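To keep things clear, I will list the structure first and then write my remarks on it.
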Amino acid sequence: MRSKTLRKAVGAALLLLAAFGFFVFVYRLCVYHYEYDPQYSPVDYGKFNILSYFTVQSNFACYVYFLFAGLALLGVKKAEKLGFSKIFGGLVTLYVLVAGITYTAGIPMGLTPPFKWDTPAHGFSSFIQIYYHMIVPPAALLYWLFPPTDKETPRAVLPLSAAYPLVYSVFSILRGRFGAMRYVPYPFYDPAFLWGLVNKTDPVNEPVAYLMTAGLLVFGIGLFVALMAMIRAIGNKRAKRLK
């Protein structure tokens with residue numbers, strides 16, 4: 001990305017993505033309307049519960065990344081430290097990609113609420129889900145594939161890529177077990193859900209179900225690290241071409 005015109009165009013695009021993302025974040029915290037849904041929303045957990053979602057957290061981090069990257073591409077030197085950071089950028093790209101892939105994979109399996117376009121509120125809510133999972137992740141990946149500098153991503157990003165999803169997952173599982181509402185943001189954090197996938201007749205055996213959850217968690221963290229290794233390799237290969 002050596003062309004000044006291209007850098008400015010990409011910078012402006014990233015700033016627009018960040019601005020709309022921040023708007024969506026504030027909108028969802030301020031404009032809240034609970035609708036009962038026996039499958040997807042059986043309980044009103046309150047408007048601040050959106051902060052519980054990996055998608056929302058990773059997207060917010062991506063908006064920060066896009067903000068600083070956009071400013072850096074437009075010539076703001078003080079924004080380059082974060083906007084051109086290979087570790088922060090690599091982690092953010094990884095997390096939003098995982099969120100997007102998981103969501104889109106869950107659509108045909110009926111694990112995600114269906115899109116509704118019958119009212120303006122439903123339409124905007126559905127578009128927000130598309131923005132979170134189908135617009136921001138590809139945008140982050142494209143920016144990663146066409147880096148603005150020849151900096152390479154250090155190996156330190158690999159163990160770091162496991163830290164956030166591990167802490168997030170353990171917290172979510174414990175919240176589901178000991179929290180007042182027994183809430184889990186995603187069904188695969190619920191041992192009863194996993195038990196039901198393999199045994200639909202017997203009552204839940206909690207020790208075995210939690211062992212299954214632990215096994216799935218180890219497998220999932222391994223996937224995070226493996227995908228980060230892939231993203232790092234691709235990013236470094238692209239960066240070397242700029243040298």
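Simple scheme: letters A, B, ... for chains in structure tokens order, numbers from 1 for residues in each chain, numbers from 1 for ligands in the order shown.
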For Leu14 in chain A, please output as a count of residues only all residues within 7 Å (counting only C-alpha atoms; exclusion window: fewer than 4 positions along the same chain). 5
Which neighbours of Ser58 in chain A fall inside 7 Å, counting only C-alpha atoms, when residues of the same chain fewer than 5 positions from it are skipped, and could you give them as a PyMOL selection string? chain A and resi 92+95-96
Would you tabulate, counting only C-alpha atoms, all residues of range 30-112 of chain A that have an atom at most 12 Å from an atom of range 138-153 of chain A, showing the closest pair of atoms and their distance in Å to one decimal, sorted by chain then ascending number, as JSON lines?
```
{"residue": "A:Ser58", "atom": "CA", "partner": "A:Ala140", "partner_atom": "CA", "distance": 11.5}
{"residue": "A:Asn59", "atom": "CA", "partner": "A:Ala140", "partner_atom": "CA", "distance": 10.1}
{"residue": "A:Ala61", "atom": "CA", "partner": "A:Ala140", "partner_atom": "CA", "distance": 11.3}
{"residue": "A:Cys62", "atom": "CA", "partner": "A:Ala140", "partner_atom": "CA", "distance": 7.7}
{"residue": "A:Tyr63", "atom": "CA", "partner": "A:Ala140", "partner_atom": "CA", "distance": 9.8}
{"residue": "A:Val64", "atom": "CA", "partner": "A:Ala140", "partner_atom": "CA", "distance": 11.8}
{"residue": "A:Tyr65", "atom": "CA", "partner": "A:Ala140", "partner_atom": "CA", "distance": 9.3}
{"residue": "A:Phe66", "atom": "CA", "partner": "A:Ala140", "partner_atom": "CA", "distance": 8.2}
{"residue": "A:Ala69", "atom": "CA", "partner": "A:Pro148", "partner_atom": "CA", "distance": 9.3}
{"residue": "A:Gly70", "atom": "CA", "partner": "A:Tyr143", "partner_atom": "CA", "distance": 10.6}
{"residue": "A:Ala72", "atom": "CA", "partner": "A:Pro148", "partner_atom": "CA", "distance": 9.5}
{"residue": "A:Leu73", "atom": "CA", "partner": "A:Pro148", "partner_atom": "CA", "distance": 7.7}
{"residue": "A:Leu74", "atom": "CA", "partner": "A:Pro148", "partner_atom": "CA", "distance": 11.4}
{"residue": "A:Gly75", "atom": "CA", "partner": "A:Pro148", "partner_atom": "CA", "distance": 11.9}
{"residue": "A:Glu80", "atom": "CA", "partner": "A:Thr149", "partner_atom": "CA", "distance": 10.2}
{"residue": "A:Lys81", "atom": "CA", "partner": "A:Lys151", "partner_atom": "CA", "distance": 11.7}
{"residue": "A:Gly83", "atom": "CA", "partner": "A:Pro148", "partner_atom": "CA", "distance": 9.8}
{"residue": "A:Phe84", "atom": "CA", "partner": "A:Thr149", "partner_atom": "CA", "distance": 7.4}
{"residue": "A:Ser85", "atom": "CA", "partner": "A:Thr153", "partner_atom": "CA", "distance": 8.6}
{"residue": "A:Lys86", "atom": "CA", "partner": "A:Thr153", "partner_atom": "CA", "distance": 5.1}
{"residue": "A:Ile87", "atom": "CA", "partner": "A:Thr153", "partner_atom": "CA", "distance": 6.3}
{"residue": "A:Phe88", "atom": "CA", "partner": "A:Thr153", "partner_atom": "CA", "distance": 9.7}
{"residue": "A:Gly89", "atom": "CA", "partner": "A:Trp144", "partner_atom": "CA", "distance": 7.7}
{"residue": "A:Gly90", "atom": "CA", "partner": "A:Trp144", "partner_atom": "CA", "distance": 7.7}
{"residue": "A:Leu91", "atom": "CA", "partner": "A:Thr153", "partner_atom": "CA", "distance": 10.5}
{"residue": "A:Val92", "atom": "CA", "partner": "A:Ala140", "partner_atom": "CA", "distance": 8.0}
{"residue": "A:Thr93", "atom": "CA", "partner": "A:Ala140", "partner_atom": "CA", "distance": 5.5}
{"residue": "A:Leu94", "atom": "CA", "partner": "A:Leu141", "partner_atom": "CA", "distance": 8.5}
{"residue": "A:Tyr95", "atom": "CA", "partner": "A:Ala140", "partner_atom": "CA", "distance": 10.1}
{"residue": "A:Val96", "atom": "CA", "partner": "A:Ala140", "partner_atom": "CA", "distance": 7.9}
{"residue": "A:Leu97", "atom": "CA", "partner": "A:Pro138", "partner_atom": "CA", "distance": 7.5}
{"residue": "A:Val98", "atom": "CA", "partner": "A:Pro138", "partner_atom": "CA", "distance": 11.1}
{"residue": "A:Ala99", "atom": "CA", "partner": "A:Pro138", "partner_atom": "CA", "distance": 11.3}
{"residue": "A:Gly100", "atom": "CA", "partner": "A:Pro138", "partner_atom": "CA", "distance": 8.7}
{"residue": "A:Ile101", "atom": "CA", "partner": "A:Pro138", "partner_atom": "CA", "distance": 10.4}
```
With DSSP run on the backbone, what are the helix (DSSP H, G or I) residues within range 53-127 of chain A? I'd like them as a VMD selection string. chain A and resid 54 to 73 77 to 83 86 to 106 120 to 127
Shell around range 109-119 of chain A at 9 Å using only C-alpha atoms, local window under 6 positions removed, as a ChimeraX atom specification: /A:39-40,103,125-127,129,187
For range 208-215 of chain A, work out the shell of residues within 8 Å, counting only C-alpha atoms and skipping chain neighbours fewer than 5 positions away, then give it as a list in words. Phe188, Tyr189, Asp190, Pro191, Ala192, Leu194 and Trp195 of chain A
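Here CA of Tyr53 in chain A and CA of Val184 in chain A stand 9.3 Å from one another.
In this structure, CA of Ser41 in chain A sits 12.9 Å away from CA of Met181 in chain A.
If only C-alpha atoms are the atoms counted, then among A:Asn205, A:Lys8, A:Val157, A:Tyr32 the closest residue to His122 in chain A is A:Tyr32.
CA of Ile107 in chain A lies 24.2 Å from CA of Met228 in chain A.
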Restricting the calculation to only C-alpha atoms, which member of A:Pro185, A:Tyr164, A:Phe124, A:Glu206 is positioned closest to Ile50 in chain A? A:Pro185
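Proximity to Phe54 in chain A was assessed for A:Lys78, A:His133, A:Arg238, A:Lys200 counting only C-alpha atoms; the smallest distance is recorded for A:His133.
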